[in-house]
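Written below as structure tokens is the structure these notes are about.
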Number of protein chains: 2
Amino acid sequence: MKIGFIGLGVMGAPMASHLANAGHSIVTTLNRSPLPACLEQHHLEIAATPAEVAQRCDVVILMLPDTPDVERVVLGQKGLIEGLGERSLVIDMSSISPIATRTIASAVEAKGASYLDAPVSGGEVGAKAATLTIMVGGGQAAYQRALPLFEFMGKNITLVGEENGAGQMCKVANQIIVALNIEAVGEALVLASKAGCNPAAVRKTLMGGFAASRILEVHGERMIKRTFDAGFRIRLHQKDLGLALETARSLGVSLPNTATCQELFNSSKARGDGELDHSALVRSLEVMSAHEIGSQA
Amino acid sequence: MKIGFIGLGVMGAPMASHLANAGHSIVTTLNRSPLPACLEQHHLEIAATPAEVAQRCDVVILMLPDTPDVERVVLGQKGLIEGLGERSLVIDMSSISPIATRTIASAVEAKGASYLDAPVSGGEVGAKAATLTIMVGGGQAAYQRALPLFEFMGKNITLVGEENGAGQMCKVANQIIVALNIEAVGEALVLASKAGCNPAAVRKTLMGGFAASRILEVHGERMIKRTFDAGFRIRLHQKDLGLALETARSLGVSLPNTATCQELFNSSKARGDGELDHSALVRSLEVMSAHEIGSQA
């Protein structure tokens, strides 16, 4: 099948390569960067504009950095929207605003085409290994049509809601829990360390009970070993909590600890930590308490 | 060996029964309640006062409800302190204030005796199955002396710090992370549910990635299924966060999200939810956002 794929970056390139390896031919727009290594062996068809991609392919996948990029590619001049027909299916796998997603999806559906939002988690490692978690929002029929393609790119694939934006919402929920769990581990370890506990022994002990989490395991260790090279950058998680708070305000939901956590990310960025791994959020807590984990009280 | 064991309640009775099953004889003070079933088959020696327990036994274990109970039994009139000698070892397995623990331990050590704080997690189930997590603070020599006894009662046993209070501190860290992870799951599920997602599908999907935790697994399911029978009661978790915030203030540590979480527990209690499982914290978030998980938006 001919598949449009716009956004061949760190995530998009390996994802598209899995589709190409499965025998699909990929149509894309011109990229600024040279073609990623994983796509070199494949013939890519280059279209001049997103509209042309939509004209040539029934299915178009997007994997772009942020909300304005998706808006521009779909709704902008010579955007996808100008080339869509009734058989078209647009699948946005970027992580963007759930609210903006509803607007974009409405515009696509007004052309008689179908729309799925299907953001992923699992990062570059998951994209390369085709083990991404894929959280999908949209209609059952469109989901069934897309599922065989998702299965080339991910493992844990769920239709989390039949409204457009539900997939983006699930991704936002993921980012809330991850950020708040990092903050929780940070509060606990700063306090325990200042009280004279060995933070490594505390972490190991707590992994045996209800405090156990992927974050205590992985990010707790990062906090103790002071390995803050990204990983997932504070700057990007700050963007994601921005989506969470914007969505919450728009829907009428109160997120007290997400709001505090975003303030801590703001402080991290202000102190020059924006490019560090999100586990470095603990440094904002350490500054507040004048105590660094590992430096025994 | 003769072991003093004061506090034969829901937790203490099965813990003492494991020691008795292993051939130790238990000395206790008179209990208000009739002897628990698990201890009926054993001969218990009854002493008139804690001081007398300390005179008869080199090792005395405490498993009491709260800080004032431990203070009374150790430091009160005819308390343990009056019967301690240089060979005595006091092991407090109750969950109490890390700060008060330091004072109590100092008084015990001033008599030439040794002191360990060794609170547990795992609840009644863990106490019965002898699978408790035991978090120990105190000196290496005392720890090595107590370890064979701990091994009859628990599985995951760690000396988390060589200062008195380190074990209590580790327990407090545990309660911080558990409360904040419950709150995090609550914020994420209320938002996702109000946005029209299926909360059960969201939970299942997020368990596949970095948001995975024991709390998302167990308490997330309780929130979705609305099964709020305790479990661990909000009233008790509120007490534990009180210890966390009191300790933090005393040590000079800032715990912003623990403070917010305690306010949510305060609200839970105000609305009559104090006896529900701590997963019912989500109901405070639901009240704030006028939306109940499961009632699709």
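Numbering starts fresh at 1 for the residues of each chain in the structure tokens, the chains themselves are lettered A, B, ... in the order given, and ligands are numbered from 1 as they appear.
The shell of residues at most 7 Å from region 77-92 of chain B, with only C-alpha atoms counted and near chain neighbours (fewer than 3 positions) removed, consists of Thr49, Pro50, Ala51, Glu52, Ala54, Gln55, Asp58, Val59, Val60, Ile61, Leu62, Met63, Arg72, Val73, Val74, Val108, Lys111, Gly112, Ala113, Ser114, Tyr115, Leu116, Asp117 and Ala118 of chain B.
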Could you dump the residues just selected with C-alpha atoms as a compact mmCIF listing (two decimals), in the first residue's frame?
```
# COMPACT_ATOMS: atom_id res chain seq x y z
CA THR B 49 4.35 -3.44 83.92
CA PRO B 50 6.63 -2.65 80.99
CA ALA B 51 9.48 -2.18 83.52
CA GLU B 52 9.00 -5.79 84.59
CA ALA B 54 12.37 -5.21 80.54
CA GLN B 55 13.73 -6.85 83.69
CA ASP B 58 16.93 -8.76 77.07
CA VAL B 59 14.97 -8.08 73.88
CA VAL B 60 11.69 -6.14 73.97
CA ILE B 61 9.63 -5.54 70.81
CA LEU B 62 6.93 -2.84 70.61
CA MET B 63 4.05 -2.78 68.10
CA ARG B 72 4.13 6.06 77.57
CA VAL B 73 5.32 2.44 77.41
CA VAL B 74 9.02 3.36 77.23
CA VAL B 108 17.10 4.18 76.19
CA LYS B 111 20.68 3.51 80.31
CA GLY B 112 23.41 1.66 78.36
CA ALA B 113 20.79 -0.25 76.36
CA SER B 114 20.41 -0.44 72.57
CA TYR B 115 17.52 0.80 70.43
CA LEU B 116 16.30 0.02 66.94
CA ASP B 117 13.35 1.57 65.14
CA ALA B 118 11.97 -0.98 62.70
```
With a cut-off of 7 Å and counting only C-alpha atoms, select all residues of chain B in contact with chain A and give the selection as a PDB file with C-alpha atoms, in the first residue's frame.
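The new file out20.pdb reads:
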```pdb
ATOM      1  CA  GLY B 122       2.718  -4.990  54.221  1.00  0.00           C
ATOM      2  CA  ASN B 156      12.519  -7.590  52.770  1.00  0.00           C
ATOM      3  CA  THR B 158      17.020  -3.418  55.356  1.00  0.00           C
ATOM      4  CA  VAL B 160      18.316   1.992  55.936  1.00  0.00           C
ATOM      5  CA  GLY B 161      20.491   4.187  58.166  1.00  0.00           C
ATOM      6  CA  GLU B 163      20.968   6.793  63.041  1.00  0.00           C
ATOM      7  CA  ALA B 166      16.101   6.240  59.965  1.00  0.00           C
ATOM      8  CA  MET B 169      11.976   8.065  58.179  1.00  0.00           C
ATOM      9  CA  CYS B 170      11.957   5.367  55.495  1.00  0.00           C
ATOM     10  CA  ALA B 173       9.077   8.250  52.719  1.00  0.00           C
ATOM     11  CA  ASN B 174       6.994   5.221  51.761  1.00  0.00           C
ATOM     12  CA  ILE B 176       4.672  10.093  50.963  1.00  0.00           C
ATOM     13  CA  ILE B 177       5.199   8.210  47.718  1.00  0.00           C
ATOM     14  CA  VAL B 178       2.078   6.076  48.143  1.00  0.00           C
ATOM     15  CA  LEU B 180       1.344  11.200  46.027  1.00  0.00           C
ATOM     16  CA  ASN B 181       1.076   8.333  43.554  1.00  0.00           C
ATOM     17  CA  ALA B 184      -1.311  11.485  40.602  1.00  0.00           C
ATOM     18  CA  VAL B 185      -3.466   8.620  39.341  1.00  0.00           C
ATOM     19  CA  GLU B 187      -5.646  13.714  38.669  1.00  0.00           C
ATOM     20  CA  ALA B 188      -4.900  11.747  35.487  1.00  0.00           C
ATOM     21  CA  LEU B 191      -9.045  14.566  33.565  1.00  0.00           C
ATOM     22  CA  ALA B 192      -9.064  11.679  31.080  1.00  0.00           C
ATOM     23  CA  GLY B 196     -14.440  11.285  27.345  1.00  0.00           C
ATOM     24  CA  CYS B 197     -11.792   8.564  27.618  1.00  0.00           C
ATOM     25  CA  ASN B 198     -12.619   5.130  28.984  1.00  0.00           C
ATOM     26  CA  ALA B 201      -8.634   1.538  28.891  1.00  0.00           C
ATOM     27  CA  VAL B 202      -6.432   4.456  29.975  1.00  0.00           C
ATOM     28  CA  THR B 205      -2.570   1.374  28.467  1.00  0.00           C
ATOM     29  CA  LEU B 206      -0.530   3.389  30.982  1.00  0.00           C
ATOM     30  CA  GLY B 208       2.609  -0.583  29.755  1.00  0.00           C
ATOM     31  CA  GLY B 209       4.949   2.384  30.181  1.00  0.00           C
ATOM     32  CA  PHE B 210       6.731   4.691  32.614  1.00  0.00           C
ATOM     33  CA  ALA B 211       3.469   5.588  34.396  1.00  0.00           C
ATOM     34  CA  ALA B 212       3.293   1.995  35.670  1.00  0.00           C
ATOM     35  CA  SER B 213       3.143   1.601  39.432  1.00  0.00           C
ATOM     36  CA  ARG B 214       1.647  -0.644  42.087  1.00  0.00           C
ATOM     37  CA  ILE B 215      -0.726   2.261  42.832  1.00  0.00           C
ATOM     38  CA  ALA B 248      10.012  18.073  57.202  1.00  0.00           C
ATOM     39  CA  GLY B 252      14.016  22.180  57.121  1.00  0.00           C
ATOM     40  CA  VAL B 253      12.654  20.402  54.066  1.00  0.00           C
ATOM     41  CA  SER B 254       9.927  21.677  51.721  1.00  0.00           C
ATOM     42  CA  LEU B 255       7.310  19.134  50.585  1.00  0.00           C
ATOM     43  CA  ASN B 257       2.865  18.152  46.953  1.00  0.00           C
ATOM     44  CA  MET B 288     -13.258  19.874  43.016  1.00  0.00           C
ATOM     45  CA  SER B 289     -13.921  19.167  39.333  1.00  0.00           C
TER      46      SER B 289
END
```
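Those residues in region 152-181 of chain A carrying a DSSP assignment of strand (DSSP E), computed from the backbone, are A:Gly154, A:Lys155, A:Asn156, A:Ile157, A:Thr158, A:Leu159, A:Val160, A:Gly161.
Between CA of Arg56 (chain A) and CA of Ala16 (chain A) there is a distance of 16.8 Å.
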* Lys128 (chain A) environment, 7 Å, only C-alpha atoms, sequence neighbours closer than 3 positions dropped, as a list of chain:residue names -> A:Pro14, A:Met15, A:Glu124, A:Val125
Residue subset to file, keeping all heavy atoms, as a PDB file, in the first residue's frame:
```pdb
ATOM      1  N   PRO A  14      12.370   5.732  12.111  1.00  0.00           N
ATOM      2  CA  PRO A  14      12.296   4.279  12.350  1.00  0.00           C
ATOM      3  C   PRO A  14      10.876   3.731  12.212  1.00  0.00           C
ATOM      4  O   PRO A  14      10.688   2.605  11.734  1.00  0.00           O
ATOM      5  CB  PRO A  14      12.816   4.122  13.790  1.00  0.00           C
ATOM      6  CG  PRO A  14      12.832   5.487  14.395  1.00  0.00           C
ATOM      7  CD  PRO A  14      12.945   6.448  13.267  1.00  0.00           C
ATOM      8  N   MET A  15       9.859   4.541  12.597  1.00  0.00           N
ATOM      9  CA  MET A  15       8.471   4.078  12.457  1.00  0.00           C
ATOM     10  C   MET A  15       8.138   3.832  10.977  1.00  0.00           C
ATOM     11  O   MET A  15       7.562   2.793  10.624  1.00  0.00           O
ATOM     12  CB  MET A  15       7.515   5.103  13.074  1.00  0.00           C
ATOM     13  CG  MET A  15       7.604   5.171  14.606  1.00  0.00           C
ATOM     14  SD  MET A  15       6.857   6.677  15.303  1.00  0.00           S
ATOM     15  CE  MET A  15       5.107   6.355  15.035  1.00  0.00           C
ATOM     16  N   GLU A 124      12.576   6.865  21.496  1.00  0.00           N
ATOM     17  CA  GLU A 124      13.362   6.451  20.335  1.00  0.00           C
ATOM     18  C   GLU A 124      13.627   4.939  20.381  1.00  0.00           C
ATOM     19  O   GLU A 124      13.562   4.258  19.358  1.00  0.00           O
ATOM     20  CB  GLU A 124      14.692   7.232  20.362  1.00  0.00           C
ATOM     21  CG  GLU A 124      15.444   7.167  19.060  1.00  0.00           C
ATOM     22  CD  GLU A 124      16.758   7.944  19.143  1.00  0.00           C
ATOM     23  OE1 GLU A 124      16.908   8.797  20.043  1.00  0.00           O
ATOM     24  OE2 GLU A 124      17.634   7.673  18.304  1.00  0.00           O
ATOM     25  N   VAL A 125      13.889   4.447  21.595  1.00  0.00           N
ATOM     26  CA  VAL A 125      14.160   3.005  21.762  1.00  0.00           C
ATOM     27  C   VAL A 125      12.959   2.194  21.299  1.00  0.00           C
ATOM     28  O   VAL A 125      13.100   1.226  20.531  1.00  0.00           O
ATOM     29  CB  VAL A 125      14.481   2.695  23.246  1.00  0.00           C
ATOM     30  CG1 VAL A 125      14.577   1.191  23.484  1.00  0.00           C
ATOM     31  CG2 VAL A 125      15.767   3.393  23.686  1.00  0.00           C
TER      32      VAL A 125
END
```
* Asked: In region 72-160 of chain A, what's alpha helix (DSSP H) per DSSP? Answer as a PyMOL selection string?
  -> chain A and resi 72-75+98-110+123-129+140-153
* To do: Within 12 Å of Cys38 (chain B), counting only C-alpha atoms, which residues show up once you throw out same-chain ones fewer than 4 positions away? Write them as a count of residues only, please.
  => 20
* Asked: Between A:Ser284, A:Ser268, A:Thr67, A:Gln41, which one has atoms that come closest to Gln238 (chain A), using only C-alpha atoms?
  -> A:Ser268
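A straight line drawn from CA of Asp277 (chain A) to CA of Gly7 (chain A) is 23.9 Å long.
Put simply, CA of Gly231 (chain B) is 12.9 Å away from CA of Gly126 (chain B).
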